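The file data_2.cif contains mmCIF, N, CA and C atoms:
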data_structure
loop_
_atom_site.group_PDB
_atom_site.id
_atom_site.type_symbol
_atom_site.label_atom_id
_atom_site.label_comp_id
_atom_site.auth_asym_id
_atom_site.auth_seq_id
_atom_site.Cartn_x
_atom_site.Cartn_y
_atom_site.Cartn_z
ATOM 1 N N MET A 1 -79.765 37.130 -181.140
ATOM 2 C CA MET A 1 -79.555 35.838 -181.747
ATOM 3 C C MET A 1 -78.166 35.803 -182.388
ATOM 4 N N ASN A 2 -77.415 34.748 -182.115
ATOM 5 C CA ASN A 2 -76.094 34.574 -182.695
ATOM 6 C C ASN A 2 -76.224 33.973 -184.088
ATOM 7 N N GLU A 3 -75.775 34.707 -185.063
ATOM 8 C CA GLU A 3 -75.868 34.232 -186.434
ATOM 9 C C GLU A 3 -74.505 33.744 -186.881
ATOM 10 N N SER A 4 -74.469 32.538 -187.381
ATOM 11 C CA SER A 4 -73.225 31.943 -187.822
ATOM 12 C C SER A 4 -73.162 32.002 -189.337
ATOM 13 N N ARG A 5 -71.996 32.303 -189.868
ATOM 14 C CA ARG A 5 -71.836 32.379 -191.315
ATOM 15 C C ARG A 5 -71.142 31.122 -191.799
ATOM 16 N N ILE A 6 -71.742 30.476 -192.768
ATOM 17 C CA ILE A 6 -71.140 29.302 -193.362
ATOM 18 C C ILE A 6 -71.015 29.506 -194.863
ATOM 19 N N THR A 7 -70.026 28.838 -195.446
ATOM 20 C CA THR A 7 -69.756 28.969 -196.874
ATOM 21 C C THR A 7 -69.627 27.575 -197.466
ATOM 22 N N SER A 8 -70.274 27.360 -198.591
ATOM 23 C CA SER A 8 -70.166 26.054 -199.251
ATOM 24 C C SER A 8 -68.795 25.916 -199.900
ATOM 25 N N ILE A 9 -68.386 24.675 -200.083
ATOM 26 C CA ILE A 9 -67.086 24.437 -200.704
ATOM 27 C C ILE A 9 -67.069 24.952 -202.146
ATOM 28 N N GLY A 10 -68.197 24.888 -202.829
ATOM 29 C CA GLY A 10 -68.276 25.406 -204.194
ATOM 30 C C GLY A 10 -68.103 26.910 -204.250
ATOM 31 N N CYS A 11 -68.753 27.599 -203.342
ATOM 32 C CA CYS A 11 -68.619 29.054 -203.271
ATOM 33 C C CYS A 11 -67.185 29.434 -202.902
ATOM 34 N N LEU A 12 -66.619 28.700 -201.961
ATOM 35 C CA LEU A 12 -65.242 28.953 -201.540
ATOM 36 C C LEU A 12 -64.273 28.738 -202.703
ATOM 37 N N ALA A 13 -64.515 27.705 -203.496
ATOM 38 C CA ALA A 13 -63.665 27.440 -204.660
ATOM 39 C C ALA A 13 -63.694 28.627 -205.624
ATOM 40 N N GLY A 14 -64.875 29.182 -205.832
ATOM 41 C CA GLY A 14 -64.993 30.345 -206.713
ATOM 42 C C GLY A 14 -64.294 31.564 -206.144
ATOM 43 N N GLN A 15 -64.472 31.805 -204.856
ATOM 44 C CA GLN A 15 -63.851 32.968 -204.216
ATOM 45 C C GLN A 15 -62.327 32.890 -204.249
ATOM 46 N N LEU A 16 -61.799 31.687 -204.033
ATOM 47 C CA LEU A 16 -60.349 31.514 -203.945
ATOM 48 C C LEU A 16 -59.715 31.080 -205.261
ATOM 49 N N GLN A 17 -60.559 30.897 -206.297
ATOM 50 C CA GLN A 17 -60.073 30.451 -207.603
ATOM 51 C C GLN A 17 -59.202 29.198 -207.459
ATOM 52 N N THR A 18 -59.746 28.236 -206.716
ATOM 53 C CA THR A 18 -59.044 26.993 -206.403
ATOM 54 C C THR A 18 -60.000 25.828 -206.611
ATOM 55 N N PRO A 19 -59.536 24.752 -207.225
ATOM 56 C CA PRO A 19 -60.422 23.592 -207.435
ATOM 57 C C PRO A 19 -60.931 23.007 -206.109
ATOM 58 N N VAL A 20 -62.144 22.497 -206.153
ATOM 59 C CA VAL A 20 -62.754 21.890 -204.972
ATOM 60 C C VAL A 20 -61.853 20.784 -204.416
ATOM 61 N N SER A 21 -61.277 19.983 -205.301
ATOM 62 C CA SER A 21 -60.421 18.875 -204.840
ATOM 63 C C SER A 21 -59.241 19.390 -204.021
ATOM 64 N N LYS A 22 -58.669 20.511 -204.413
ATOM 65 C CA LYS A 22 -57.550 21.109 -203.664
ATOM 66 C C LYS A 22 -58.038 21.602 -202.305
ATOM 67 N N LEU A 23 -59.214 22.213 -202.266
ATOM 68 C CA LEU A 23 -59.768 22.677 -200.997
ATOM 69 C C LEU A 23 -60.026 21.509 -200.055
ATOM 70 N N GLN A 24 -60.511 20.405 -200.607
ATOM 71 C CA GLN A 24 -60.749 19.217 -199.789
ATOM 72 C C GLN A 24 -59.437 18.683 -199.217
ATOM 73 N N GLU A 25 -58.373 18.688 -200.021
ATOM 74 C CA GLU A 25 -57.058 18.243 -199.555
ATOM 75 C C GLU A 25 -56.556 19.133 -198.417
ATOM 76 N N ILE A 26 -56.692 20.433 -198.587
ATOM 77 C CA ILE A 26 -56.230 21.377 -197.574
ATOM 78 C C ILE A 26 -57.023 21.214 -196.283
ATOM 79 N N ALA A 27 -58.335 21.109 -196.408
ATOM 80 C CA ALA A 27 -59.173 20.936 -195.217
ATOM 81 C C ALA A 27 -58.771 19.672 -194.467
ATOM 82 N N ALA A 28 -58.548 18.586 -195.188
ATOM 83 C CA ALA A 28 -58.151 17.323 -194.551
ATOM 84 C C ALA A 28 -56.797 17.470 -193.876
ATOM 85 N N ALA A 29 -55.852 18.133 -194.545
ATOM 86 C CA ALA A 29 -54.517 18.320 -193.974
ATOM 87 C C ALA A 29 -54.560 19.154 -192.693
ATOM 88 N N LEU A 30 -55.492 20.099 -192.648
ATOM 89 C CA LEU A 30 -55.631 20.960 -191.463
ATOM 90 C C LEU A 30 -56.538 20.343 -190.405
ATOM 91 N N GLY A 31 -57.120 19.199 -190.715
ATOM 92 C CA GLY A 31 -58.029 18.555 -189.770
ATOM 93 C C GLY A 31 -59.370 19.252 -189.647
ATOM 94 N N ILE A 32 -59.749 19.959 -190.699
ATOM 95 C CA ILE A 32 -61.010 20.700 -190.705
ATOM 96 C C ILE A 32 -62.112 19.809 -191.267
ATOM 97 N N ILE A 33 -63.201 19.732 -190.546
ATOM 98 C CA ILE A 33 -64.368 19.011 -191.048
ATOM 99 C C ILE A 33 -65.485 20.027 -191.278
ATOM 100 N N PRO A 34 -66.355 19.768 -192.241
ATOM 101 C CA PRO A 34 -67.434 20.723 -192.518
ATOM 102 C C PRO A 34 -68.321 20.946 -191.294
ATOM 103 N N THR A 35 -68.797 22.158 -191.152
ATOM 104 C CA THR A 35 -69.729 22.492 -190.084
ATOM 105 C C THR A 35 -71.057 21.802 -190.326
ATOM 106 N N SER A 36 -71.452 21.735 -191.603
ATOM 107 C CA SER A 36 -72.683 21.052 -191.967
ATOM 108 C C SER A 36 -72.596 20.622 -193.426
ATOM 109 N N THR A 37 -73.540 19.800 -193.819
ATOM 110 C CA THR A 37 -73.651 19.358 -195.212
ATOM 111 C C THR A 37 -75.090 19.594 -195.642
ATOM 112 N N ILE A 38 -75.246 20.321 -196.736
ATOM 113 C CA ILE A 38 -76.569 20.628 -197.254
ATOM 114 C C ILE A 38 -76.588 20.178 -198.714
ATOM 115 N N ASN A 39 -77.537 19.317 -199.052
ATOM 116 C CA ASN A 39 -77.631 18.769 -200.410
ATOM 117 C C ASN A 39 -76.304 18.179 -200.877
ATOM 118 N N ASN A 40 -75.667 17.439 -199.988
ATOM 119 C CA ASN A 40 -74.388 16.768 -200.249
ATOM 120 C C ASN A 40 -73.218 17.724 -200.462
ATOM 121 N N ALA A 41 -73.392 18.991 -200.195
ATOM 122 C CA ALA A 41 -72.301 19.958 -200.313
ATOM 123 C C ALA A 41 -71.803 20.334 -198.916
ATOM 124 N N PRO A 42 -70.494 20.193 -198.674
ATOM 125 C CA PRO A 42 -69.963 20.579 -197.368
ATOM 126 C C PRO A 42 -69.934 22.104 -197.211
ATOM 127 N N TYR A 43 -70.229 22.550 -196.009
ATOM 128 C CA TYR A 43 -70.196 23.972 -195.654
ATOM 129 C C TYR A 43 -69.244 24.154 -194.486
ATOM 130 N N PHE A 44 -68.473 25.248 -194.519
ATOM 131 C CA PHE A 44 -67.485 25.534 -193.489
ATOM 132 C C PHE A 44 -67.817 26.853 -192.807
ATOM 133 N N ASP A 45 -67.493 26.948 -191.516
ATOM 134 C CA ASP A 45 -67.740 28.202 -190.805
ATOM 135 C C ASP A 45 -66.638 29.211 -191.144
ATOM 136 N N ALA A 46 -66.841 30.447 -190.746
ATOM 137 C CA ALA A 46 -65.951 31.544 -191.132
ATOM 138 C C ALA A 46 -64.511 31.323 -190.678
ATOM 139 N N ALA A 47 -64.319 30.797 -189.479
ATOM 140 C CA ALA A 47 -62.959 30.573 -188.972
ATOM 141 C C ALA A 47 -62.233 29.528 -189.813
ATOM 142 N N ASP A 48 -62.929 28.471 -190.187
ATOM 143 C CA ASP A 48 -62.309 27.433 -191.013
ATOM 144 C C ASP A 48 -62.045 27.929 -192.425
ATOM 145 N N VAL A 49 -62.940 28.738 -192.957
ATOM 146 C CA VAL A 49 -62.729 29.335 -194.279
ATOM 147 C C VAL A 49 -61.451 30.166 -194.257
ATOM 148 N N GLU A 50 -61.250 30.923 -193.210
ATOM 149 C CA GLU A 50 -60.043 31.756 -193.107
ATOM 150 C C GLU A 50 -58.788 30.895 -193.019
ATOM 151 N N ARG A 51 -58.843 29.803 -192.282
ATOM 152 C CA ARG A 51 -57.686 28.909 -192.181
ATOM 153 C C ARG A 51 -57.342 28.308 -193.542
ATOM 154 N N ILE A 52 -58.358 27.903 -194.283
ATOM 155 C CA ILE A 52 -58.137 27.335 -195.620
ATOM 156 C C ILE A 52 -57.564 28.403 -196.548
ATOM 157 N N ALA A 53 -58.137 29.596 -196.517
ATOM 158 C CA ALA A 53 -57.660 30.691 -197.375
ATOM 159 C C ALA A 53 -56.218 31.055 -197.038
ATOM 160 N N GLU A 54 -55.885 31.064 -195.779
ATOM 161 C CA GLU A 54 -54.520 31.390 -195.356
ATOM 162 C C GLU A 54 -53.537 30.362 -195.914
ATOM 163 N N ARG A 55 -53.913 29.096 -195.885
ATOM 164 C CA ARG A 55 -53.034 28.053 -196.429
ATOM 165 C C ARG A 55 -52.829 28.269 -197.928
ATOM 166 N N ILE A 56 -53.892 28.601 -198.635
ATOM 167 C CA ILE A 56 -53.769 28.830 -200.078
ATOM 168 C C ILE A 56 -52.867 30.029 -200.346
ATOM 169 N N ARG A 57 -53.059 31.105 -199.599
ATOM 170 C CA ARG A 57 -52.205 32.287 -199.785
ATOM 171 C C ARG A 57 -50.749 31.958 -199.513
ATOM 172 N N SER A 58 -50.479 31.127 -198.527
ATOM 173 C CA SER A 58 -49.093 30.790 -198.185
ATOM 174 C C SER A 58 -48.450 29.907 -199.249
ATOM 175 N N GLU A 59 -49.244 29.193 -200.041
ATOM 176 C CA GLU A 59 -48.730 28.308 -201.083
ATOM 177 C C GLU A 59 -48.515 29.023 -202.414
ATOM 178 N N GLN A 60 -49.007 30.251 -202.535
ATOM 179 C CA GLN A 60 -48.909 30.965 -203.816
ATOM 180 C C GLN A 60 -47.743 31.949 -203.762
ATOM 181 N N PRO A 61 -46.688 31.693 -204.550
ATOM 182 C CA PRO A 61 -45.551 32.604 -204.543
ATOM 183 C C PRO A 61 -45.920 33.973 -205.106
ATOM 184 N N GLY A 62 -45.368 34.993 -204.509
ATOM 185 C CA GLY A 62 -45.579 36.351 -204.997
ATOM 186 C C GLY A 62 -46.890 36.997 -204.580
ATOM 187 N N VAL A 63 -47.679 36.330 -203.758
ATOM 188 C CA VAL A 63 -48.950 36.890 -203.311
ATOM 189 C C VAL A 63 -48.700 37.706 -202.052
ATOM 190 N N ILE A 64 -49.137 38.935 -202.066
ATOM 191 C CA ILE A 64 -49.014 39.802 -200.889
ATOM 192 C C ILE A 64 -50.073 39.408 -199.885
ATOM 193 N N GLN A 65 -49.621 39.183 -198.654
ATOM 194 C CA GLN A 65 -50.569 38.740 -197.630
ATOM 195 C C GLN A 65 -50.985 39.855 -196.728
#
Kindly present the structure from the file in structure tokens form.
Amino acid sequence: MNESRITSIGCLAGQLQTPVSKLQEIAAALGIIPTSTINNAPYFDAADVERIAERIRSEQPGVIQ
């Protein structure tokens, strides 16, 4: 069975120490839409989470990538 990993925007905000509103802006700029919505919370798949995280890392000066 293929198991897919999804992460809620709230959990992602905590992991990346970034406000939800900023994550929503980044996702929209990258053309990323949530994989699913559960209890009105958007969830993203692992590939999209990585794309969002990469954008955040690229915007933070002095962060080793």
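Near A:Ile6, within 6 Å and counting all atoms listed in the file, sit Tyr43, Phe44, Asp45 and Ala46 of chain A; same-chain residues fewer than 4 positions away were not included.
The space separating atom C of A:Ala53 from atom C of A:Ala29 comes to 12.8 Å.
The gap separating atom CA of A:Asn39 from atom CA of A:Arg57 is 28.8 Å, in Å to one decimal.
Among the candidates A:Thr35, A:Ser58, A:Asn40, A:Thr18, the one nearest to A:Arg5 when counting only C-alpha atoms is A:Thr35.
For the atom pair formed by atom N of A:Ser36 and atom CA of A:Val49, the distance is 11.9 Å, given to one decimal.
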Quiz item: Could you pull out the alpha helix (DSSP H) residues of chain A from DSSP and send them as number ranges by chain?
Solution: A: 9-16, 20-30, 46-59
Practice problem: Identify all residues of chain A in strand (DSSP E) (DSSP on the backbone) and supply them as a ChimeraX atom specification. | Solution: /A:6-8,36-38,41-45
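The smallest atom-to-atom distance between A:Gln15 and any of A:Ala47, A:Thr37, A:Ala27, A:Ile56, using only C-alpha atoms, is found for A:Ile56.
Across A:Pro42, A:Ser21, A:Glu59, A:Ile52, the tightest approach to A:Thr7 is made by A:Pro42 when counting only N, CA and C atoms.
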Will you give me stretch 15-46 of chain A, written with C-alpha atoms and laid out as a tab-separated table (two decimals), in the first residue's frame?
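Result file part.tsv:
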chain	number	residue	atom	x	y	z
A	15	GLN	CA	8.13	23.34	12.21
A	16	LEU	CA	9.34	26.28	10.13
A	17	GLN	CA	8.71	28.94	12.80
A	18	THR	CA	6.78	30.93	10.19
A	19	PRO	CA	3.31	32.49	10.46
A	20	VAL	CA	0.50	30.67	8.67
A	21	SER	CA	-0.23	33.81	6.63
A	22	LYS	CA	3.34	33.80	5.27
A	23	LEU	CA	3.07	30.11	4.37
A	24	GLN	CA	-0.18	30.80	2.54
A	25	GLU	CA	1.51	33.62	0.58
A	26	ILE	CA	4.42	31.37	-0.37
A	27	ALA	CA	2.15	28.50	-1.40
A	28	ALA	CA	0.11	30.85	-3.60
A	29	ALA	CA	3.25	32.34	-5.16
A	30	LEU	CA	4.51	28.84	-5.98
A	31	GLY	CA	1.12	27.78	-7.32
A	32	ILE	CA	0.78	25.12	-4.64
A	33	ILE	CA	-2.71	24.08	-3.62
A	34	PRO	CA	-3.43	21.89	-0.59
A	35	THR	CA	-3.61	18.16	-1.19
A	36	SER	CA	-6.64	18.03	1.08
A	37	THR	CA	-8.55	20.03	3.66
A	38	ILE	CA	-9.52	18.48	6.97
A	39	ASN	CA	-11.62	20.46	9.46
A	40	ASN	CA	-11.00	23.60	7.38
A	41	ALA	CA	-7.22	23.19	7.71
A	42	PRO	CA	-5.21	22.84	4.50
A	43	TYR	CA	-2.81	19.89	4.27
A	44	PHE	CA	0.16	19.65	1.89
A	45	ASP	CA	2.00	16.60	0.60
A	46	ALA	CA	5.70	16.04	1.32
